[in-house]
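Enquirer: Contents of work02.pdb (PDB, C-alpha atoms and all ligand atoms) are below:
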```
MODEL        1
ATOM      1  CA  MET F   1     -17.135  11.009  -0.305
ATOM      2  CA  PRO F   2     -19.326   8.621   1.732
ATOM      3  CA  LYS F   3     -17.876   7.298   5.011
ATOM      4  CA  PHE F   4     -16.419   3.876   4.625
ATOM      5  CA  ASN F   5     -16.004   1.097   7.099
ATOM      6  CA  VAL F   6     -12.436  -0.255   7.162
ATOM      7  CA  ALA F   7     -13.336  -3.432   9.105
ATOM      8  CA  ALA F   8     -16.142  -4.264   6.648
ATOM      9  CA  ARG F   9     -13.740  -3.848   3.746
ATOM     10  CA  VAL F  10     -11.176  -6.088   5.406
ATOM     11  CA  ARG F  11     -13.870  -8.766   5.743
ATOM     12  CA  ARG F  12     -14.931  -8.268   2.127
ATOM     13  CA  ALA F  13     -11.315  -8.599   0.950
ATOM     14  CA  HIS F  14     -11.017 -11.957   2.713
ATOM     15  CA  GLN F  15     -14.335 -13.129   1.255
ATOM     16  CA  LYS F  16     -13.364 -12.115  -2.278
ATOM     17  CA  LYS F  17      -9.731 -13.224  -2.115
ATOM     18  CA  LYS F  18     -10.101 -16.435  -4.165
ATOM     19  CA  GLY F  19     -12.242 -14.824  -6.854
ATOM     20  CA  LEU F  20      -9.912 -11.849  -7.236
ATOM     21  CA  ALA F  21      -6.861 -14.116  -7.336
ATOM     22  CA  LEU F  22      -8.484 -16.076 -10.151
ATOM     23  CA  PHE F  23      -9.265 -12.855 -12.019
ATOM     24  CA  LEU F  24      -5.617 -11.726 -11.730
ATOM     25  CA  LYS F  25      -4.389 -15.111 -12.895
ATOM     26  CA  LYS F  26      -6.565 -14.955 -16.001
ATOM     27  CA  LEU F  27      -5.492 -11.359 -16.666
ATOM     28  CA  SER F  28      -1.826 -12.368 -16.441
ATOM     29  CA  ARG F  29      -2.436 -15.093 -19.030
ATOM     30  CA  LYS F  30      -4.361 -12.802 -21.355
ATOM     31  CA  LYS F  31      -1.988  -9.801 -21.091
ATOM     32  CA  PRO F  32      -4.220  -7.139 -22.678
ATOM     33  CA  LYS F  33      -2.331  -4.458 -24.636
ATOM     34  CA  ASN F  34      -4.048  -1.535 -22.918
ATOM     35  CA  LEU F  35      -3.224  -2.780 -19.415
ATOM     36  CA  GLN F  36      -1.538   0.423 -18.190
ATOM     37  CA  LYS F  37      -4.552   2.519 -19.233
ATOM     38  CA  MET F  38      -6.905   0.150 -17.430
ATOM     39  CA  LEU F  39      -4.699   0.177 -14.303
ATOM     40  CA  LYS F  40      -4.870   3.977 -14.247
ATOM     41  CA  GLN F  41      -8.671   3.934 -14.644
ATOM     42  CA  ALA F  42      -9.097   1.379 -11.854
ATOM     43  CA  ASP F  43      -6.701   3.306  -9.604
ATOM     44  CA  GLN F  44      -8.520   6.608 -10.153
ATOM     45  CA  ALA F  45     -11.876   4.956  -9.433
ATOM     46  CA  ALA F  46     -10.484   3.431  -6.212
ATOM     47  CA  TRP F  47      -9.480   6.835  -4.860
ATOM     48  CA  GLN F  48     -13.065   8.069  -5.374
ATOM     49  CA  GLU F  49     -14.184   5.432  -2.851
ATOM     50  CA  VAL F  50     -11.467   5.505  -0.201
ATOM     51  CA  ALA F  51     -10.239   8.209   2.162
ATOM     52  CA  CYS F  52      -6.819   7.448   3.632
ATOM     53  CA  LEU F  53      -7.337   9.771   6.607
ATOM     54  CA  GLU F  54     -10.273   7.599   7.712
ATOM     55  CA  CYS F  55      -8.104   4.507   7.472
ATOM     56  CA  ALA F  56      -4.312   4.673   7.982
ATOM     57  CA  ASN F  57      -4.347   0.887   8.097
ATOM     58  CA  CYS F  58      -1.025   0.683   6.244
ATOM     59  CA  CYS F  59       0.707   2.876   8.848
ATOM     60  CA  LYS F  60      -1.011   0.954  11.656
ATOM     61  CA  THR F  61      -0.338  -2.602  10.508
ATOM     62  CA  MET F  62       2.528  -2.636   7.986
ATOM     63  CA  THR F  63       6.034  -1.259   7.791
ATOM     64  CA  PRO F  64       7.623   0.722   5.008
ATOM     65  CA  THR F  65      11.095  -0.115   3.748
ATOM     66  CA  PHE F  66      13.532   2.725   4.450
ATOM     67  CA  THR F  67      16.617   3.635   2.423
ATOM     68  CA  ARG F  68      19.613   4.898   4.394
ATOM     69  CA  PRO F  69      19.240   8.492   3.055
ATOM     70  CA  GLU F  70      15.580   8.391   4.158
ATOM     71  CA  VAL F  71      16.598   7.294   7.645
ATOM     72  CA  LYS F  72      19.124  10.145   7.758
ATOM     73  CA  ARG F  73      16.682  12.861   6.729
ATOM     74  CA  ILE F  74      13.857  11.647   8.984
ATOM     75  CA  ALA F  75      16.254  11.322  11.936
ATOM     76  CA  GLU F  76      17.411  14.906  11.336
ATOM     77  CA  ARG F  77      13.793  16.101  11.226
ATOM     78  CA  VAL F  78      13.039  14.584  14.626
ATOM     79  CA  GLY F  79      16.295  15.850  16.149
ATOM     80  CA  MET F  80      18.146  12.539  16.348
ATOM     81  CA  THR F  81      21.324  11.134  14.861
ATOM     82  CA  PHE F  82      21.123   8.323  12.321
ATOM     83  CA  ASP F  83      22.250   5.791  14.941
ATOM     84  CA  GLN F  84      19.902   7.036  17.639
ATOM     85  CA  TYR F  85      16.942   6.818  15.279
ATOM     86  CA  PHE F  86      17.977   3.424  13.945
ATOM     87  CA  ASP F  87      18.448   1.928  17.406
ATOM     88  CA  LYS F  88      15.158   3.256  18.691
ATOM     89  CA  TYR F  89      12.838   2.556  15.774
ATOM     90  CA  LEU F  90      14.372   0.341  13.104
ATOM     91  CA  THR F  91      15.624  -3.139  12.446
ATOM     92  CA  VAL F  92      16.980  -5.126   9.505
ATOM     93  CA  ASP F  93      14.718  -7.796   8.073
ATOM     94  CA  GLU F  94      16.622 -11.066   8.355
ATOM     95  CA  ASP F  95      15.013 -12.489   5.209
ATOM     96  CA  ASN F  96      15.834  -9.744   2.734
ATOM     97  CA  GLY F  97      18.055  -7.162   4.449
ATOM     98  CA  ASP F  98      15.426  -4.419   4.221
ATOM     99  CA  ILE F  99      15.476  -1.620   6.800
ATOM    100  CA  VAL F 100      12.041  -1.685   8.427
ATOM    101  CA  ASN F 101      10.198  -0.428  11.490
ATOM    102  CA  LYS F 102      10.519  -2.429  14.690
ATOM    103  CA  LYS F 103       6.907  -1.856  15.641
ATOM    104  CA  GLN F 104       3.502  -1.005  14.298
ATOM    105  CA  PRO F 105       1.842   1.455  14.282
ATOM    106  CA  CYS F 106       4.576   3.575  12.757
ATOM    107  CA  GLN F 107       6.259   6.002  15.162
ATOM    108  CA  HIS F 108       5.243   8.929  12.936
ATOM    109  CA  LEU F 109       1.523   8.257  12.809
ATOM    110  CA  GLY F 110      -0.564  10.794  14.733
ATOM    111  CA  ARG F 111      -3.872  10.128  16.515
ATOM    112  CA  ASP F 112      -5.544  12.036  13.674
ATOM    113  CA  ASN F 113      -4.208   9.429  11.206
ATOM    114  CA  LYS F 114      -1.800  12.000   9.761
ATOM    115  CA  CYS F 115       1.867  11.283   9.121
ATOM    116  CA  ARG F 116       4.081  13.642  11.125
ATOM    117  CA  VAL F 117       6.865  13.462   8.523
ATOM    118  CA  TYR F 118       4.562  13.452   5.511
ATOM    119  CA  ASP F 119       6.658  15.758   3.304
ATOM    120  CA  ILE F 120       9.763  13.594   3.766
ATOM    121  CA  ARG F 121       8.168  10.167   4.284
ATOM    122  CA  PRO F 122       9.914   7.178   2.708
ATOM    123  CA  GLY F 123       9.343   6.578  -0.990
ATOM    124  CA  ASP F 124       7.784   3.262  -0.078
ATOM    125  CA  CYS F 125       5.066   5.179   1.808
ATOM    126  CA  SER F 126       4.472   7.767  -0.918
ATOM    127  CA  GLY F 127       4.254   5.042  -3.567
ATOM    128  CA  PHE F 128       1.959   2.786  -1.565
ATOM    129  CA  PRO F 129      -0.240   0.939  -2.526
ATOM    130  CA  HIS F 130       1.718   0.605  -5.784
ATOM    131  CA  HIS F 131      -1.228   0.025  -8.114
ATOM    132  CA  VAL F 132      -0.053   1.376 -11.480
ATOM    133  CA  ARG F 133       3.197  -0.423 -12.170
ATOM    134  CA  ARG F 134       5.096  -1.465 -15.282
ATOM    135  CA  ASP F 135       5.927  -4.749 -13.544
ATOM    136  CA  PHE F 136       2.264  -5.413 -12.755
ATOM    137  CA  TYR F 137       2.333  -9.069 -13.798
ATOM    138  CA  HIS F 138       5.437  -9.738 -11.723
ATOM    139  CA  GLN F 139       3.713  -8.197  -8.708
ATOM    140  CA  VAL F 140       0.649 -10.359  -9.408
ATOM    141  CA  SER F 141       2.876 -13.442  -9.334
ATOM    142  CA  GLU F 142       4.424 -12.170  -6.077
ATOM    143  CA  LYS F 143       0.854 -11.844  -4.715
ATOM    144  CA  LEU F 144       1.337  -8.146  -3.887
ATOM    145  CA  TYR F 145      -2.251  -7.111  -4.630
ATOM    146  CA  ILE F 146      -3.947 -10.130  -3.113
ATOM    147  CA  ASN F 147      -1.867  -9.905   0.053
ATOM    148  CA  ASN F 148      -2.432  -6.173   0.373
ATOM    149  CA  SER F 149      -6.174  -6.209  -0.316
ATOM    150  CA  PRO F 150      -7.255  -7.190   3.238
ATOM    151  CA  ARG F 151      -4.971  -4.482   4.651
ATOM    152  CA  CYS F 152      -5.571  -1.703   2.185
ATOM    153  CA  PRO F 153      -9.174  -0.797   1.280
ATOM    154  CA  ALA F 154      -7.837   1.133  -1.734
ATOM    155  CA  THR F 155      -6.280  -2.038  -3.136
ATOM    156  CA  LEU F 156      -9.534  -3.937  -2.710
ATOM    157  CA  SER F 157     -11.344  -1.126  -4.584
ATOM    158  CA  PHE F 158      -8.602  -1.086  -7.215
ATOM    159  CA  LEU F 159      -9.014  -4.819  -7.877
ATOM    160  CA  GLU F 160     -12.819  -4.601  -7.962
ATOM    161  CA  ASN F 161     -12.647  -1.669 -10.358
ATOM    162  CA  LEU F 162     -10.013  -3.378 -12.475
ATOM    163  CA  GLU F 163     -12.313  -6.365 -12.864
ATOM    164  CA  ARG F 164     -15.073  -4.031 -14.074
ATOM    165  CA  VAL F 165     -12.785  -2.027 -16.402
ATOM    166  CA  VAL F 166     -11.329  -5.185 -17.962
ATOM    167  CA  ALA F 167     -14.859  -6.559 -18.543
ATOM    168  CA  GLU F 168     -15.904  -3.280 -20.187
ATOM    169  CA  ASN F 169     -12.857  -3.390 -22.482
ATOM    170  CA  ALA F 170     -13.218  -7.057 -23.440
TER     171      ALA F 170
HETATM  172  S1  LIG G   1      -3.152   3.514   1.374
HETATM  173 FE1  LIG G   1      -4.674   1.924   1.801
HETATM  174  S2  LIG G   1      -4.265   1.166   3.880
HETATM  175 FE2  LIG G   1      -3.166   3.093   3.608
HETATM  176  S3  LIG G   1      -4.553   4.629   4.436
HETATM  177 FE3  LIG G   1      -4.933   4.540   2.228
HETATM  178  S4  LIG G   1      -6.599   3.088   1.976
HETATM  179 FE4  LIG G   1      -5.768   2.797   4.052
HETATM  180  S1  LIG G   2       6.381   7.366   7.746
HETATM  181 FE1  LIG G   2       4.347   8.276   7.731
HETATM  182  S2  LIG G   2       3.336   7.448   5.893
HETATM  183 FE2  LIG G   2       5.088   6.130   6.355
HETATM  184  S3  LIG G   2       4.287   4.452   7.654
HETATM  185 FE3  LIG G   2       5.031   6.084   9.024
HETATM  186  S4  LIG G   2       3.232   7.350   9.446
HETATM  187 FE4  LIG G   2       2.775   6.110   7.630
ENDMDL
END
```
Can I see the file as C-alpha cells?

Expert:
Amino acid sequence: MPKFNVAARVRRAHQKKKGLALFLKKLSRKKPKNLQKMLKQADQAAWQEVACLECANCCKTMTPTFTRPEVKRIAERVGMTFDQYFDKYLTVDEDNGDIVNKKQPCQHLGRDNKCRVYDIRPGDCSGFPHHVRRDFYHQVSEKLYINNSPRCPATLSFLENLERVVAENA
C-alpha cells in the first residue's frame, strides 16, 4: 500500500465537505435498493487506500464511548479497580450521559500507533468508523460521515468510493 499523508487528507476532506454532503443528501432522497452492497464495496475500497497504523487519528483526536463492562475489563487488564480507572481516565458527557475519555490522545495509544488493549478495546473502537450500517440514512442525517471525514482518512476514502460506486450503478 502506498504511504499516505494524513494532513493532506484532512485538508482534502475540508475542501470536499460541501460536495460530499450534497452527494449524501441526494443519495438519501434516492434510496437505492442495493445500498448495503454499495456500502460494502466502498468500504472495502477505502481499506485498500488507508493504513490505520500510519494514522491513529481517531485515537489521537476523538474519544470512544465506553460501556461499564468495558471499563471493568480494561481496568482489570491495567491492574486498576473500576473506580481508580474511572477517576483517572474517564468522565461522563454532560450532554448525553456517555462514558468517555477525559483526554486525547487515548491513554492506551502507544508511540507506534498501536492500541495497548487492542484485543479488549471498546466496541465503539472496533466498530469505528462505522461505514456499513443498516441505519445509514439516519447517520447521514446526523452528519456522522461528514463530521468524521476530516478526522478519519478511511471515511473520506469511503465517501469518495461510494460516490464512484453509486455512479457506476446508476
Ligand atoms: S479508523 Fe480512520 S482515523 Fe482511525 S486510524 Fe484508521 S484511518 Fe485513521
Ligand atoms: S482503546 Fe485503543 S483503539 Fe480505542 S481509542 Fe484507545 S487506543 Fe484507540

Enquirer: If you count all atoms listed in the file, which residues fall within 10 Å of stretch 119-135 of chain F, apart from same-chain ones fewer than 4 positions away, as a PyMOL selection string?

Expert: chain F and resi 35-43+58-59+63-67+69-71+73-74+77+108+115+139-140+144-145+148-149+152-155+158-159

Enquirer: Could you list the residues chosen by the PyMOL selection byres (((chain F and resi 24) around 12) and not hetatm) in this structure as a ChimeraX atom specification?

Expert: /F:17-23,25-32,136-146,158-160,162-163,166

Enquirer: Hey, which of F:Cys55, F:Met62, F:Ala8, F:Ala45 ends up closest to ligand LIG 2 (chain G)? Count only C-alpha atoms and all ligand atoms.

Expert: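 The shortest atom-to-atom distance to ligand LIG 2 (chain G) comes from F:Met62.
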
Enquirer: When distances are computed from all atoms listed in the file, which of F:Gly97, F:Pro150, F:Pro105, F:Gly79 shows the smallest separation from ligand LIG 2 (chain G)?

Expert: F:Pro105

Enquirer: Using atom CA of F:Asn57 and atom CA of F:Asn147 as the two end points, give the distance in Å to one decimal.

Expert: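 So the two atoms, atom CA of F:Asn57 and atom CA of F:Asn147, lie 13.7 Å apart.
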
Enquirer: Choose the residue, out of F:Lys33, F:His14, F:Lys88, F:Arg116, that has the smallest atom-to-atom separation from F:Lys103; count all atoms listed in the file.

Expert: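 For F:Lys103, the nearest of the candidates is F:Lys88.
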
Enquirer: Pick from F:Val92, F:Cys106, F:Ala7, F:Leu53: nearest to ligand LIG 2 (chain G), with only C-alpha atoms and all ligand atoms counted?

Expert: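 For ligand LIG 2 (chain G), the nearest of the candidates is F:Cys106.
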
Enquirer: Considering all atoms listed in the file, can you say which of F:Asn96, F:Thr91, F:Asn101, F:Ser157 comes closest to ligand LIG 1 (chain G)?

Expert: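 Smallest distance to ligand LIG 1 (chain G) is found for F:Ser157.
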
Enquirer: Can you give me N, CA and C atoms for stretch 43-70 of chain F, written as a PDB file, in the frame of the given file?

Expert:
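The resulting file, rebuild07.pdb, is shown below:
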```pdb
ATOM      1  N   ASP F  43      -7.324   2.597 -10.729  1.00  0.00           N
ATOM      2  CA  ASP F  43      -6.701   3.306  -9.604  1.00  0.00           C
ATOM      3  C   ASP F  43      -7.471   4.596  -9.301  1.00  0.00           C
ATOM      4  N   GLN F  44      -7.782   5.354 -10.359  1.00  0.00           N
ATOM      5  CA  GLN F  44      -8.520   6.608 -10.153  1.00  0.00           C
ATOM      6  C   GLN F  44      -9.886   6.335  -9.523  1.00  0.00           C
ATOM      7  N   ALA F  45     -10.548   5.299  -9.988  1.00  0.00           N
ATOM      8  CA  ALA F  45     -11.876   4.956  -9.433  1.00  0.00           C
ATOM      9  C   ALA F  45     -11.761   4.563  -7.955  1.00  0.00           C
ATOM     10  N   ALA F  46     -10.679   3.858  -7.609  1.00  0.00           N
ATOM     11  CA  ALA F  46     -10.484   3.431  -6.212  1.00  0.00           C
ATOM     12  C   ALA F  46     -10.385   4.640  -5.291  1.00  0.00           C
ATOM     13  N   TRP F  47      -9.672   5.669  -5.742  1.00  0.00           N
ATOM     14  CA  TRP F  47      -9.480   6.835  -4.860  1.00  0.00           C
ATOM     15  C   TRP F  47     -10.735   7.701  -4.746  1.00  0.00           C
ATOM     16  N   GLN F  48     -11.764   7.402  -5.553  1.00  0.00           N
ATOM     17  CA  GLN F  48     -13.065   8.069  -5.374  1.00  0.00           C
ATOM     18  C   GLN F  48     -13.834   7.415  -4.221  1.00  0.00           C
ATOM     19  N   GLU F  49     -13.421   6.203  -3.833  1.00  0.00           N
ATOM     20  CA  GLU F  49     -14.184   5.432  -2.851  1.00  0.00           C
ATOM     21  C   GLU F  49     -13.525   5.383  -1.472  1.00  0.00           C
ATOM     22  N   VAL F  50     -12.248   5.748  -1.417  1.00  0.00           N
ATOM     23  CA  VAL F  50     -11.467   5.505  -0.201  1.00  0.00           C
ATOM     24  C   VAL F  50     -10.828   6.804   0.286  1.00  0.00           C
ATOM     25  N   ALA F  51     -10.893   7.032   1.579  1.00  0.00           N
ATOM     26  CA  ALA F  51     -10.239   8.209   2.162  1.00  0.00           C
ATOM     27  C   ALA F  51      -9.167   7.725   3.136  1.00  0.00           C
ATOM     28  N   CYS F  52      -7.916   7.965   2.810  1.00  0.00           N
ATOM     29  CA  CYS F  52      -6.819   7.448   3.632  1.00  0.00           C
ATOM     30  C   CYS F  52      -6.870   7.975   5.069  1.00  0.00           C
ATOM     31  N   LEU F  53      -7.329   9.220   5.244  1.00  0.00           N
ATOM     32  CA  LEU F  53      -7.337   9.771   6.607  1.00  0.00           C
ATOM     33  C   LEU F  53      -8.392   9.109   7.497  1.00  0.00           C
ATOM     34  N   GLU F  54      -9.316   8.374   6.908  1.00  0.00           N
ATOM     35  CA  GLU F  54     -10.273   7.599   7.712  1.00  0.00           C
ATOM     36  C   GLU F  54      -9.765   6.176   7.950  1.00  0.00           C
ATOM     37  N   CYS F  55      -8.581   5.889   7.464  1.00  0.00           N
ATOM     38  CA  CYS F  55      -8.104   4.507   7.472  1.00  0.00           C
ATOM     39  C   CYS F  55      -6.746   4.383   8.180  1.00  0.00           C
ATOM     40  N   ALA F  56      -5.697   4.780   7.468  1.00  0.00           N
ATOM     41  CA  ALA F  56      -4.312   4.673   7.982  1.00  0.00           C
ATOM     42  C   ALA F  56      -3.922   3.243   8.340  1.00  0.00           C
ATOM     43  N   ASN F  57      -4.619   2.289   7.762  1.00  0.00           N
ATOM     44  CA  ASN F  57      -4.347   0.887   8.097  1.00  0.00           C
ATOM     45  C   ASN F  57      -2.918   0.474   7.722  1.00  0.00           C
ATOM     46  N   CYS F  58      -2.398   1.031   6.638  1.00  0.00           N
ATOM     47  CA  CYS F  58      -1.025   0.683   6.244  1.00  0.00           C
ATOM     48  C   CYS F  58      -0.042   1.134   7.334  1.00  0.00           C
ATOM     49  N   CYS F  59      -0.205   2.356   7.823  1.00  0.00           N
ATOM     50  CA  CYS F  59       0.707   2.876   8.848  1.00  0.00           C
ATOM     51  C   CYS F  59       0.496   2.178  10.196  1.00  0.00           C
ATOM     52  N   LYS F  60      -0.707   1.624  10.389  1.00  0.00           N
ATOM     53  CA  LYS F  60      -1.011   0.954  11.656  1.00  0.00           C
ATOM     54  C   LYS F  60      -0.558  -0.503  11.683  1.00  0.00           C
ATOM     55  N   THR F  61      -0.545  -1.146  10.507  1.00  0.00           N
ATOM     56  CA  THR F  61      -0.338  -2.602  10.508  1.00  0.00           C
ATOM     57  C   THR F  61       0.831  -3.094   9.662  1.00  0.00           C
ATOM     58  N   MET F  62       1.434  -2.200   8.860  1.00  0.00           N
ATOM     59  CA  MET F  62       2.528  -2.636   7.986  1.00  0.00           C
ATOM     60  C   MET F  62       3.746  -1.754   8.262  1.00  0.00           C
ATOM     61  N   THR F  63       4.865  -2.128   7.678  1.00  0.00           N
ATOM     62  CA  THR F  63       6.034  -1.259   7.791  1.00  0.00           C
ATOM     63  C   THR F  63       6.522  -0.867   6.406  1.00  0.00           C
ATOM     64  N   PRO F  64       6.949   0.388   6.258  1.00  0.00           N
ATOM     65  CA  PRO F  64       7.623   0.722   5.008  1.00  0.00           C
ATOM     66  C   PRO F  64       9.055   0.185   5.032  1.00  0.00           C
ATOM     67  N   THR F  65       9.661   0.138   3.848  1.00  0.00           N
ATOM     68  CA  THR F  65      11.095  -0.115   3.748  1.00  0.00           C
ATOM     69  C   THR F  65      11.779   1.242   3.635  1.00  0.00           C
ATOM     70  N   PHE F  66      12.812   1.450   4.447  1.00  0.00           N
ATOM     71  CA  PHE F  66      13.532   2.725   4.450  1.00  0.00           C
ATOM     72  C   PHE F  66      14.858   2.568   3.709  1.00  0.00           C
ATOM     73  N   THR F  67      15.239   3.571   2.928  1.00  0.00           N
ATOM     74  CA  THR F  67      16.617   3.635   2.423  1.00  0.00           C
ATOM     75  C   THR F  67      17.451   4.361   3.483  1.00  0.00           C
ATOM     76  N   ARG F  68      18.759   4.230   3.399  1.00  0.00           N
ATOM     77  CA  ARG F  68      19.613   4.898   4.394  1.00  0.00           C
ATOM     78  C   ARG F  68      19.474   6.430   4.316  1.00  0.00           C
ATOM     79  N   PRO F  69      19.457   7.037   3.097  1.00  0.00           N
ATOM     80  CA  PRO F  69      19.240   8.492   3.055  1.00  0.00           C
ATOM     81  C   PRO F  69      17.899   8.908   3.678  1.00  0.00           C
ATOM     82  N   GLU F  70      16.878   8.059   3.534  1.00  0.00           N
ATOM     83  CA  GLU F  70      15.580   8.391   4.158  1.00  0.00           C
ATOM     84  C   GLU F  70      15.684   8.357   5.677  1.00  0.00           C
TER      85      GLU F  70
END
```
